[in-house]
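> File name data.cif; file contents mmCIF, N, CA and C atoms and all ligand atoms; full text below.
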```
data_work
#
loop_
_atom_site.label_atom_id
_atom_site.label_comp_id
_atom_site.auth_asym_id
_atom_site.auth_seq_id
_atom_site.Cartn_x
_atom_site.Cartn_y
_atom_site.Cartn_z
N MET A 57 -8.79 -15.42 -12.97
CA MET A 57 -8.14 -14.12 -12.68
C MET A 57 -6.73 -14.14 -13.26
N SER A 58 -6.35 -13.12 -14.02
CA SER A 58 -5.01 -13.14 -14.60
C SER A 58 -3.97 -12.74 -13.55
N GLU A 59 -2.74 -13.17 -13.82
CA GLU A 59 -1.64 -12.88 -12.91
C GLU A 59 -1.28 -11.40 -12.99
N THR A 60 -0.96 -10.81 -11.86
CA THR A 60 -0.51 -9.41 -11.83
C THR A 60 0.77 -9.34 -11.01
N ILE A 61 1.39 -8.17 -11.03
CA ILE A 61 2.59 -7.96 -10.23
C ILE A 61 2.28 -8.19 -8.74
N PHE A 62 1.05 -7.86 -8.31
CA PHE A 62 0.71 -8.03 -6.89
C PHE A 62 0.45 -9.51 -6.56
N SER A 63 -0.14 -10.28 -7.49
CA SER A 63 -0.31 -11.71 -7.21
C SER A 63 1.06 -12.38 -7.13
N LYS A 64 2.03 -11.88 -7.90
CA LYS A 64 3.40 -12.43 -7.82
C LYS A 64 4.05 -12.07 -6.48
N ILE A 65 3.76 -10.88 -5.97
CA ILE A 65 4.28 -10.49 -4.64
C ILE A 65 3.67 -11.41 -3.57
N ILE A 66 2.36 -11.64 -3.64
CA ILE A 66 1.70 -12.53 -2.66
C ILE A 66 2.32 -13.92 -2.71
N ALA A 67 2.58 -14.41 -3.92
CA ALA A 67 3.15 -15.76 -4.09
C ALA A 67 4.63 -15.82 -3.71
N GLY A 68 5.23 -14.67 -3.43
CA GLY A 68 6.66 -14.64 -3.08
C GLY A 68 7.56 -14.78 -4.30
N GLU A 69 7.00 -14.60 -5.48
CA GLU A 69 7.80 -14.74 -6.71
C GLU A 69 8.63 -13.49 -6.98
N ILE A 70 8.12 -12.34 -6.50
CA ILE A 70 8.95 -11.13 -6.56
C ILE A 70 8.91 -10.47 -5.17
N PRO A 71 9.99 -9.77 -4.81
CA PRO A 71 10.07 -9.24 -3.44
C PRO A 71 9.24 -7.97 -3.24
N CYS A 72 8.99 -7.67 -1.99
CA CYS A 72 8.36 -6.38 -1.65
C CYS A 72 8.96 -5.91 -0.33
N HIS A 73 8.75 -4.64 -0.02
CA HIS A 73 9.19 -4.08 1.26
C HIS A 73 7.98 -4.13 2.19
N LYS A 74 7.88 -5.25 2.93
CA LYS A 74 6.66 -5.56 3.69
C LYS A 74 6.54 -4.72 4.97
N VAL A 75 5.31 -4.27 5.22
CA VAL A 75 5.00 -3.51 6.44
C VAL A 75 4.16 -4.36 7.39
N TYR A 76 3.22 -5.12 6.84
CA TYR A 76 2.29 -5.88 7.70
C TYR A 76 1.69 -7.02 6.88
N GLU A 77 1.41 -8.15 7.56
CA GLU A 77 0.76 -9.27 6.87
C GLU A 77 -0.10 -10.02 7.87
N ASP A 78 -1.27 -10.46 7.42
CA ASP A 78 -2.05 -11.43 8.20
C ASP A 78 -2.60 -12.46 7.22
N ASP A 79 -3.54 -13.29 7.67
CA ASP A 79 -4.01 -14.39 6.81
C ASP A 79 -4.69 -13.88 5.53
N THR A 80 -5.30 -12.71 5.60
CA THR A 80 -6.16 -12.24 4.51
C THR A 80 -5.56 -11.09 3.71
N THR A 81 -4.65 -10.34 4.33
CA THR A 81 -4.16 -9.10 3.69
C THR A 81 -2.65 -8.96 3.80
N LEU A 82 -2.12 -8.08 2.97
CA LEU A 82 -0.68 -7.80 2.95
C LEU A 82 -0.50 -6.30 2.72
N ALA A 83 0.43 -5.69 3.43
CA ALA A 83 0.74 -4.26 3.22
C ALA A 83 2.22 -4.13 2.95
N PHE A 84 2.56 -3.37 1.91
CA PHE A 84 3.96 -3.19 1.52
C PHE A 84 4.13 -1.80 0.90
N LEU A 85 5.37 -1.33 0.86
CA LEU A 85 5.63 0.02 0.37
C LEU A 85 5.44 0.11 -1.14
N ASP A 86 4.82 1.21 -1.59
CA ASP A 86 4.74 1.48 -3.02
C ASP A 86 6.15 1.73 -3.54
N ILE A 87 6.45 1.12 -4.66
CA ILE A 87 7.80 1.19 -5.22
C ILE A 87 8.12 2.60 -5.75
N ASN A 88 7.09 3.39 -5.98
CA ASN A 88 7.26 4.75 -6.53
C ASN A 88 6.43 5.72 -5.68
N PRO A 89 6.91 5.98 -4.46
CA PRO A 89 6.04 6.66 -3.47
C PRO A 89 5.76 8.13 -3.78
N VAL A 90 4.55 8.54 -3.46
CA VAL A 90 4.18 9.97 -3.51
C VAL A 90 4.85 10.69 -2.34
N GLN A 91 4.89 10.04 -1.19
CA GLN A 91 5.56 10.55 0.01
C GLN A 91 6.24 9.36 0.70
N PRO A 92 7.29 9.61 1.49
CA PRO A 92 7.92 8.50 2.21
C PRO A 92 6.88 7.76 3.07
N GLY A 93 6.91 6.44 2.99
CA GLY A 93 5.97 5.63 3.77
C GLY A 93 4.69 5.29 3.01
N HIS A 94 4.57 5.76 1.75
CA HIS A 94 3.40 5.43 0.92
C HIS A 94 3.27 3.90 0.84
N THR A 95 2.15 3.41 1.33
CA THR A 95 1.96 1.96 1.49
C THR A 95 0.75 1.49 0.69
N LEU A 96 0.85 0.30 0.14
CA LEU A 96 -0.28 -0.34 -0.54
C LEU A 96 -0.79 -1.48 0.34
N VAL A 97 -2.10 -1.56 0.50
CA VAL A 97 -2.71 -2.66 1.26
C VAL A 97 -3.55 -3.47 0.29
N ILE A 98 -3.31 -4.77 0.25
CA ILE A 98 -4.00 -5.62 -0.73
C ILE A 98 -4.60 -6.85 -0.04
N PRO A 99 -5.68 -7.39 -0.62
CA PRO A 99 -6.19 -8.68 -0.16
C PRO A 99 -5.36 -9.78 -0.81
N LYS A 100 -5.25 -10.92 -0.14
CA LYS A 100 -4.49 -12.03 -0.73
C LYS A 100 -5.30 -12.77 -1.78
N THR A 101 -6.62 -12.62 -1.71
CA THR A 101 -7.44 -13.26 -2.75
C THR A 101 -7.51 -12.33 -3.96
N ALA A 102 -7.58 -12.93 -5.15
CA ALA A 102 -7.54 -12.14 -6.37
C ALA A 102 -8.90 -11.53 -6.67
N ALA A 103 -8.89 -10.24 -6.96
CA ALA A 103 -10.06 -9.53 -7.48
C ALA A 103 -9.47 -8.32 -8.19
N ALA A 104 -10.03 -7.98 -9.35
CA ALA A 104 -9.42 -6.91 -10.15
C ALA A 104 -9.53 -5.56 -9.44
N SER A 105 -10.59 -5.37 -8.67
CA SER A 105 -10.82 -4.08 -8.04
C SER A 105 -11.34 -4.29 -6.62
N VAL A 106 -11.10 -3.30 -5.79
CA VAL A 106 -11.65 -3.32 -4.42
C VAL A 106 -13.16 -3.52 -4.45
N TRP A 107 -13.80 -2.94 -5.48
CA TRP A 107 -15.28 -2.99 -5.55
C TRP A 107 -15.80 -4.38 -5.91
N ASP A 108 -14.92 -5.28 -6.32
CA ASP A 108 -15.33 -6.65 -6.66
C ASP A 108 -15.18 -7.61 -5.47
N LEU A 109 -14.64 -7.13 -4.35
CA LEU A 109 -14.31 -8.05 -3.25
C LEU A 109 -15.55 -8.58 -2.56
N ASP A 110 -15.44 -9.81 -2.09
CA ASP A 110 -16.42 -10.37 -1.17
C ASP A 110 -16.48 -9.43 0.06
N PRO A 111 -17.67 -9.15 0.61
CA PRO A 111 -17.78 -8.19 1.71
C PRO A 111 -16.89 -8.54 2.92
N THR A 112 -16.71 -9.83 3.18
CA THR A 112 -15.86 -10.21 4.33
C THR A 112 -14.40 -9.80 4.08
N VAL A 113 -13.95 -10.03 2.85
CA VAL A 113 -12.57 -9.67 2.51
C VAL A 113 -12.43 -8.14 2.47
N TYR A 114 -13.46 -7.46 1.97
CA TYR A 114 -13.44 -5.99 1.95
C TYR A 114 -13.29 -5.45 3.38
N SER A 115 -14.05 -6.03 4.31
CA SER A 115 -13.95 -5.59 5.71
C SER A 115 -12.57 -5.83 6.27
N ALA A 116 -12.00 -7.00 5.96
CA ALA A 116 -10.64 -7.31 6.45
C ALA A 116 -9.64 -6.31 5.85
N LEU A 117 -9.81 -6.00 4.58
CA LEU A 117 -8.91 -5.04 3.92
C LEU A 117 -8.99 -3.67 4.60
N MET A 118 -10.21 -3.23 4.89
CA MET A 118 -10.38 -1.92 5.54
C MET A 118 -9.86 -1.95 6.98
N GLY A 119 -10.02 -3.10 7.64
CA GLY A 119 -9.46 -3.24 9.00
C GLY A 119 -7.95 -3.09 8.97
N THR A 120 -7.32 -3.69 7.97
CA THR A 120 -5.86 -3.59 7.86
C THR A 120 -5.46 -2.16 7.49
N THR A 121 -6.22 -1.49 6.63
CA THR A 121 -5.84 -0.11 6.29
C THR A 121 -5.87 0.76 7.55
N GLN A 122 -6.83 0.52 8.43
CA GLN A 122 -6.87 1.33 9.66
C GLN A 122 -5.64 1.07 10.53
N LYS A 123 -5.31 -0.23 10.70
CA LYS A 123 -4.13 -0.57 11.52
C LYS A 123 -2.87 0.05 10.94
N VAL A 124 -2.70 -0.08 9.62
CA VAL A 124 -1.48 0.41 8.99
C VAL A 124 -1.45 1.94 9.04
N ALA A 125 -2.59 2.60 8.81
CA ALA A 125 -2.62 4.07 8.87
C ALA A 125 -2.23 4.55 10.26
N GLN A 126 -2.73 3.88 11.29
CA GLN A 126 -2.36 4.28 12.66
C GLN A 126 -0.86 4.12 12.87
N ARG A 127 -0.31 3.04 12.32
CA ARG A 127 1.13 2.79 12.44
C ARG A 127 1.93 3.88 11.71
N LEU A 128 1.52 4.23 10.50
CA LEU A 128 2.22 5.27 9.73
C LEU A 128 2.19 6.60 10.48
N ARG A 129 1.02 6.93 11.02
CA ARG A 129 0.86 8.20 11.72
C ARG A 129 1.77 8.27 12.93
N SER A 130 1.85 7.17 13.69
CA SER A 130 2.65 7.25 14.91
C SER A 130 4.14 7.14 14.62
N VAL A 131 4.56 6.21 13.76
CA VAL A 131 6.00 6.04 13.53
C VAL A 131 6.58 7.25 12.77
N LEU A 132 5.83 7.76 11.79
CA LEU A 132 6.36 8.86 10.98
C LEU A 132 6.02 10.23 11.56
N ALA A 133 5.22 10.24 12.62
CA ALA A 133 4.83 11.49 13.30
C ALA A 133 4.26 12.51 12.31
N VAL A 134 3.35 12.05 11.44
CA VAL A 134 2.67 12.94 10.51
C VAL A 134 1.24 13.19 11.03
N PRO A 135 0.69 14.37 10.72
CA PRO A 135 -0.67 14.64 11.21
C PRO A 135 -1.75 13.88 10.45
N PHE A 136 -1.47 13.52 9.18
CA PHE A 136 -2.52 12.93 8.34
C PHE A 136 -2.02 11.71 7.58
N VAL A 137 -2.95 10.79 7.32
CA VAL A 137 -2.68 9.69 6.38
C VAL A 137 -3.88 9.63 5.44
N GLY A 138 -3.62 9.88 4.16
CA GLY A 138 -4.70 9.84 3.17
C GLY A 138 -4.89 8.44 2.63
N GLU A 139 -6.14 8.12 2.29
CA GLU A 139 -6.46 6.81 1.71
C GLU A 139 -7.01 7.04 0.30
N LYS A 140 -6.44 6.31 -0.67
CA LYS A 140 -6.87 6.47 -2.06
C LYS A 140 -7.11 5.11 -2.68
N ILE A 141 -8.17 5.00 -3.46
CA ILE A 141 -8.36 3.81 -4.28
C ILE A 141 -8.33 4.30 -5.73
N VAL A 142 -7.35 3.81 -6.49
CA VAL A 142 -7.21 4.26 -7.88
C VAL A 142 -7.39 3.03 -8.78
N GLY A 143 -6.34 2.22 -8.90
CA GLY A 143 -6.50 0.93 -9.57
C GLY A 143 -6.39 0.95 -11.08
N VAL A 144 -5.85 2.04 -11.66
CA VAL A 144 -5.75 2.07 -13.12
C VAL A 144 -4.55 1.30 -13.66
N ASP A 145 -3.53 1.09 -12.82
CA ASP A 145 -2.30 0.46 -13.31
C ASP A 145 -2.22 -1.04 -13.02
N VAL A 146 -2.70 -1.45 -11.87
CA VAL A 146 -2.55 -2.86 -11.47
C VAL A 146 -3.94 -3.43 -11.18
N ALA A 147 -4.31 -4.49 -11.91
CA ALA A 147 -5.66 -5.07 -11.78
C ALA A 147 -5.71 -6.11 -10.67
N HIS A 148 -5.26 -5.71 -9.49
CA HIS A 148 -5.44 -6.50 -8.27
C HIS A 148 -5.85 -5.47 -7.22
N ALA A 149 -6.96 -5.71 -6.55
CA ALA A 149 -7.50 -4.75 -5.59
C ALA A 149 -6.41 -4.22 -4.66
N HIS A 150 -6.38 -2.90 -4.47
CA HIS A 150 -5.40 -2.32 -3.55
C HIS A 150 -5.84 -0.93 -3.10
N VAL A 151 -5.38 -0.58 -1.89
CA VAL A 151 -5.66 0.73 -1.31
C VAL A 151 -4.33 1.42 -1.06
N HIS A 152 -4.23 2.69 -1.46
CA HIS A 152 -3.03 3.48 -1.18
C HIS A 152 -3.20 4.18 0.17
N LEU A 153 -2.17 4.16 1.01
CA LEU A 153 -2.13 4.97 2.22
C LEU A 153 -0.94 5.92 2.09
N ILE A 154 -1.21 7.20 2.16
CA ILE A 154 -0.17 8.21 1.91
C ILE A 154 -0.04 9.13 3.13
N PRO A 155 1.07 8.99 3.87
CA PRO A 155 1.29 9.90 5.01
C PRO A 155 1.59 11.30 4.48
N PHE A 156 1.03 12.33 5.09
CA PHE A 156 1.31 13.70 4.60
C PHE A 156 1.07 14.73 5.69
N SER A 157 1.65 15.91 5.43
CA SER A 157 1.49 17.03 6.37
C SER A 157 0.72 18.18 5.74
N THR A 158 0.88 18.37 4.41
CA THR A 158 0.18 19.48 3.74
C THR A 158 -0.55 18.93 2.51
N VAL A 159 -1.55 19.66 2.06
CA VAL A 159 -2.31 19.24 0.88
C VAL A 159 -1.38 19.13 -0.34
N ALA A 160 -0.42 20.03 -0.43
CA ALA A 160 0.53 19.98 -1.56
C ALA A 160 1.31 18.67 -1.53
N ASP A 161 1.69 18.21 -0.34
CA ASP A 161 2.39 16.92 -0.24
C ASP A 161 1.48 15.78 -0.71
N TYR A 162 0.22 15.82 -0.28
CA TYR A 162 -0.71 14.75 -0.65
C TYR A 162 -0.95 14.73 -2.16
N ASP A 163 -1.02 15.92 -2.76
CA ASP A 163 -1.30 16.01 -4.20
C ASP A 163 -0.06 15.88 -5.07
N ALA A 164 1.11 15.72 -4.46
CA ALA A 164 2.36 15.64 -5.23
C ALA A 164 2.33 14.44 -6.18
N ARG A 165 3.05 14.55 -7.26
CA ARG A 165 3.20 13.42 -8.20
C ARG A 165 4.37 12.57 -7.76
N PRO A 166 4.31 11.25 -7.93
CA PRO A 166 5.47 10.43 -7.60
C PRO A 166 6.65 10.76 -8.51
N ALA A 167 7.85 10.46 -8.04
CA ALA A 167 9.05 10.86 -8.77
C ALA A 167 9.22 10.11 -10.09
N ASN A 168 8.72 8.87 -10.17
CA ASN A 168 8.90 8.03 -11.36
C ASN A 168 10.35 7.73 -11.68
N ASP A 169 11.22 7.85 -10.68
CA ASP A 169 12.63 7.48 -10.86
C ASP A 169 12.76 5.97 -10.71
N GLU A 170 13.97 5.48 -10.90
CA GLU A 170 14.25 4.08 -10.56
C GLU A 170 13.96 3.88 -9.07
N PRO A 171 13.36 2.75 -8.65
CA PRO A 171 13.07 2.55 -7.23
C PRO A 171 14.34 2.66 -6.39
N ASP A 172 14.20 3.35 -5.24
CA ASP A 172 15.33 3.51 -4.33
C ASP A 172 15.18 2.42 -3.25
N HIS A 173 15.70 1.23 -3.55
CA HIS A 173 15.47 0.09 -2.66
C HIS A 173 16.15 0.26 -1.30
N ALA A 174 17.25 1.00 -1.23
CA ALA A 174 17.90 1.21 0.07
C ALA A 174 16.98 2.02 0.98
N SER A 175 16.40 3.10 0.43
CA SER A 175 15.48 3.92 1.25
C SER A 175 14.21 3.15 1.59
N LEU A 176 13.68 2.40 0.60
CA LEU A 176 12.45 1.64 0.84
C LEU A 176 12.69 0.58 1.93
N SER A 177 13.84 -0.05 1.87
CA SER A 177 14.15 -1.08 2.86
C SER A 177 14.28 -0.48 4.26
N ALA A 178 14.96 0.67 4.36
CA ALA A 178 15.10 1.34 5.66
C ALA A 178 13.73 1.74 6.20
N MET A 179 12.87 2.24 5.30
CA MET A 179 11.53 2.66 5.72
C MET A 179 10.71 1.44 6.17
N ALA A 180 10.78 0.34 5.44
CA ALA A 180 10.03 -0.86 5.81
C ALA A 180 10.51 -1.39 7.16
N ASN A 181 11.79 -1.33 7.42
CA ASN A 181 12.31 -1.77 8.72
C ASN A 181 11.74 -0.93 9.85
N LYS A 182 11.57 0.35 9.58
CA LYS A 182 11.02 1.27 10.60
C LYS A 182 9.55 0.99 10.86
N LEU A 183 8.82 0.68 9.77
CA LEU A 183 7.36 0.61 9.86
C LEU A 183 6.83 -0.78 10.19
N ALA A 184 7.59 -1.82 9.87
CA ALA A 184 7.05 -3.19 9.95
C ALA A 184 6.53 -3.51 11.35
N PHE A 185 5.39 -4.16 11.39
CA PHE A 185 4.82 -4.58 12.68
C PHE A 185 4.01 -5.86 12.49
P1 LIG B 201 -2.91 2.21 -9.37
O1 LIG B 201 -3.22 0.86 -10.01
O2 LIG B 201 -3.64 2.39 -8.07
O3 LIG B 201 -3.15 3.35 -10.31
O4 LIG B 201 -1.36 2.26 -9.04
C1 LIG B 201 -0.60 1.11 -8.77
C2 LIG B 201 0.54 1.45 -7.82
O5 LIG B 201 1.35 0.30 -7.70
C3 LIG B 201 1.45 2.60 -8.27
O6 LIG B 201 1.50 3.58 -7.25
C4 LIG B 201 2.81 1.93 -8.49
O7 LIG B 201 3.90 2.74 -8.09
C5 LIG B 201 2.69 0.67 -7.64
N1 LIG B 201 3.48 -0.45 -8.16
C6 LIG B 201 3.53 -0.88 -9.45
N2 LIG B 201 4.35 -1.95 -9.55
C7 LIG B 201 4.82 -2.20 -8.31
C8 LIG B 201 5.72 -3.19 -7.79
O8 LIG B 201 6.24 -4.04 -8.50
N3 LIG B 201 5.96 -3.15 -6.47
C9 LIG B 201 5.39 -2.20 -5.66
N4 LIG B 201 5.72 -2.27 -4.35
N5 LIG B 201 4.55 -1.26 -6.11
C10 LIG B 201 4.26 -1.25 -7.43
#
```
What do you get writing this file as structure tokens?
Ligand code: 5GP


Amino acid sequence: MSETIFSKIIAGEIPCHKVYEDDTTLAFLDINPVQPGHTLVIPKTAAASVWDLDPTVYSALMGTTQKVAQRLRSVLAVPFVGEKIVGVDVAHAHVHLIPFSTVADYDARPANDEPDHASLSAMANKLAF
């Protein structure tokens, strides 16, 4: 499996704004969020796509997405949390969780600006559990 930005995050070689971690999975804020609180949930084992995961790891990943989605919904007081699997940019399995209130918010494009680490850090402090 080739190295990716997410395998480097797992290895602690580059930082992330962590929301949740257990033995099998890690959740951290997307560096270029569609909405505040946009979180990525990844397995710690390498697989290019969610669809390549061992079923046990897939179940653990989905279990973590549920926990994190519940956390986003309650802390951010949003009515909805969308789940997306895309995977065109980073070849390490990951699930997007996007808190939103309206369909327009969910369908919004990310800003693509320089990462706002101060806001991401404040958000991670609020969400971490
Ligand atoms: P996808 O592969 O699902 O199309 O998109 C990958 C996602 O990873 C994008 O939303 C992008 O903003 C996010 N991303 C890319 N590089 C980094 C990074 O270094 N740190 C974090 N936290 N997110 C990243």

> Report as a VMD selection string: the residues of region 86-179 of chain A with a DSSP assignment of strand (DSSP E or B), based on the backbone of this structure.

chain A and resid 95 to 99 136 to 140 151 to 156

> Could you give me the axis-aligned bounding box of region 163-179 of chain A, with 6 Å of padding per side, as centre plus edge lengths in Å to one decimal, as AutoDock Vina command-line options?


```
--center_x 8.3 --center_y 7.5 --center_z -2.7 --size_x 31.2 --size_y 29.1 --size_z 29.9
```

> For the contact check between chain A and ligand LIG 201 (chain B), emit one row per residue of chain A within 6 Å, containing the shortest atom pair and the distance in Å rounded to one decimal, counting only C-alpha atoms and all ligand atoms, chain then rising number order, as a Markdown table.


```
| residue | atom | partner | partner_atom | distance |
| --- | --- | --- | --- | --- |
| A:Ile61 | CA | B:LIG201 | O8 | 5.6 |
| A:Cys72 | CA | B:LIG201 | N4 | 5.6 |
| A:Leu85 | CA | B:LIG201 | N4 | 5.2 |
| A:Asp86 | CA | B:LIG201 | N4 | 4.1 |
| A:Ile87 | CA | B:LIG201 | N4 | 4.1 |
| A:Asn88 | CA | B:LIG201 | O7 | 4.2 |
| A:Val142 | CA | B:LIG201 | O2 | 4.0 |
| A:Gly143 | CA | B:LIG201 | O1 | 3.3 |
| A:Val144 | CA | B:LIG201 | O3 | 4.0 |
| A:Asp145 | CA | B:LIG201 | O1 | 3.4 |
| A:Val146 | CA | B:LIG201 | O1 | 4.1 |
```

> Write the residues of the preceding selection, restricted to N, CA and C atoms, as a PDB file, keeping the file's coordinate frame.


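Generated output (selection.pdb):
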```pdb
ATOM      1  N   ILE A  61       1.390  -8.170 -11.030  1.00  0.00           N
ATOM      2  CA  ILE A  61       2.590  -7.960 -10.230  1.00  0.00           C
ATOM      3  C   ILE A  61       2.280  -8.190  -8.740  1.00  0.00           C
ATOM      4  N   CYS A  72       8.990  -7.670  -1.990  1.00  0.00           N
ATOM      5  CA  CYS A  72       8.360  -6.380  -1.650  1.00  0.00           C
ATOM      6  C   CYS A  72       8.960  -5.910  -0.330  1.00  0.00           C
ATOM      7  N   LEU A  85       5.370  -1.330   0.860  1.00  0.00           N
ATOM      8  CA  LEU A  85       5.630   0.020   0.370  1.00  0.00           C
ATOM      9  C   LEU A  85       5.440   0.110  -1.140  1.00  0.00           C
ATOM     10  N   ASP A  86       4.820   1.210  -1.590  1.00  0.00           N
ATOM     11  CA  ASP A  86       4.740   1.480  -3.020  1.00  0.00           C
ATOM     12  C   ASP A  86       6.150   1.730  -3.540  1.00  0.00           C
ATOM     13  N   ILE A  87       6.450   1.120  -4.660  1.00  0.00           N
ATOM     14  CA  ILE A  87       7.800   1.190  -5.220  1.00  0.00           C
ATOM     15  C   ILE A  87       8.120   2.600  -5.750  1.00  0.00           C
ATOM     16  N   ASN A  88       7.090   3.390  -5.980  1.00  0.00           N
ATOM     17  CA  ASN A  88       7.260   4.750  -6.530  1.00  0.00           C
ATOM     18  C   ASN A  88       6.430   5.720  -5.680  1.00  0.00           C
ATOM     19  N   VAL A 142      -7.350   3.810  -6.490  1.00  0.00           N
ATOM     20  CA  VAL A 142      -7.210   4.260  -7.880  1.00  0.00           C
ATOM     21  C   VAL A 142      -7.390   3.030  -8.780  1.00  0.00           C
ATOM     22  N   GLY A 143      -6.340   2.220  -8.900  1.00  0.00           N
ATOM     23  CA  GLY A 143      -6.500   0.930  -9.570  1.00  0.00           C
ATOM     24  C   GLY A 143      -6.390   0.950 -11.080  1.00  0.00           C
ATOM     25  N   VAL A 144      -5.850   2.040 -11.660  1.00  0.00           N
ATOM     26  CA  VAL A 144      -5.750   2.070 -13.120  1.00  0.00           C
ATOM     27  C   VAL A 144      -4.550   1.300 -13.660  1.00  0.00           C
ATOM     28  N   ASP A 145      -3.530   1.090 -12.820  1.00  0.00           N
ATOM     29  CA  ASP A 145      -2.300   0.460 -13.310  1.00  0.00           C
ATOM     30  C   ASP A 145      -2.220  -1.040 -13.020  1.00  0.00           C
ATOM     31  N   VAL A 146      -2.700  -1.450 -11.870  1.00  0.00           N
ATOM     32  CA  VAL A 146      -2.550  -2.860 -11.470  1.00  0.00           C
ATOM     33  C   VAL A 146      -3.940  -3.430 -11.180  1.00  0.00           C
TER      34      VAL A 146
END
```

> What's the separation between CA of Glu170 (chain A) and CA of Val151 (chain A), in Å to one decimal place?

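Computing the Euclidean distance for CA of Glu170 (chain A) and CA of Val151 (chain A) yields 22.2 Å.
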
> Would you mind telling me which residue in A:Ala167, A:Ala149, A:Leu183, A:Ala178 lies nearest to Pro89 (chain A) when using all atoms listed in the file?

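Ranked by minimum distance to Pro89 (chain A), first place goes to A:Ala167.
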
> List every residue of region 66-176 of chain A that DSSP, applied to the backbone of this structure, assigns to alpha helix (DSSP H), and report them as a PyMOL selection string.

chain A and resi 66+111-132+159-163+173-176

> Using atom N of Ile65 (chain A) and atom C of Phe84 (chain A) as the two end points, give the distance in Å to one decimal.

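That distance, rounded to one decimal, is 11.4 Å.
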
> Quick one: residues within 7 Å of Ser63 (chain A), only N, CA and C atoms, excluding same-chain residues fewer than 5 positions away - as a PyMOL selection string?

chain A and resi 68-69+148

> Fewer than 6 positions away in the same chain doesn't count, so skip those; otherwise give me all residues within 12 Å of Gln126 (chain A), counting only C-alpha atoms, as a PyMOL selection string.

chain A and resi 119-120+132-139+153-155+183+185

> Would you kindly identify which residues have an atom no farther than 6.5 Å from (-7.3, -7.7, 8.9), using all atoms listed in the file and the file's own coordinates, and write them out as a ChimeraX atom specification?

/A:78,80-81,115-117,119-120

> Could you tell me how far atom N of Trp107 (chain A) lies from atom C of His150 (chain A), in Å and to one decimal?

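Atom C of His150 (chain A) lies 8.5 Å from atom N of Trp107 (chain A).
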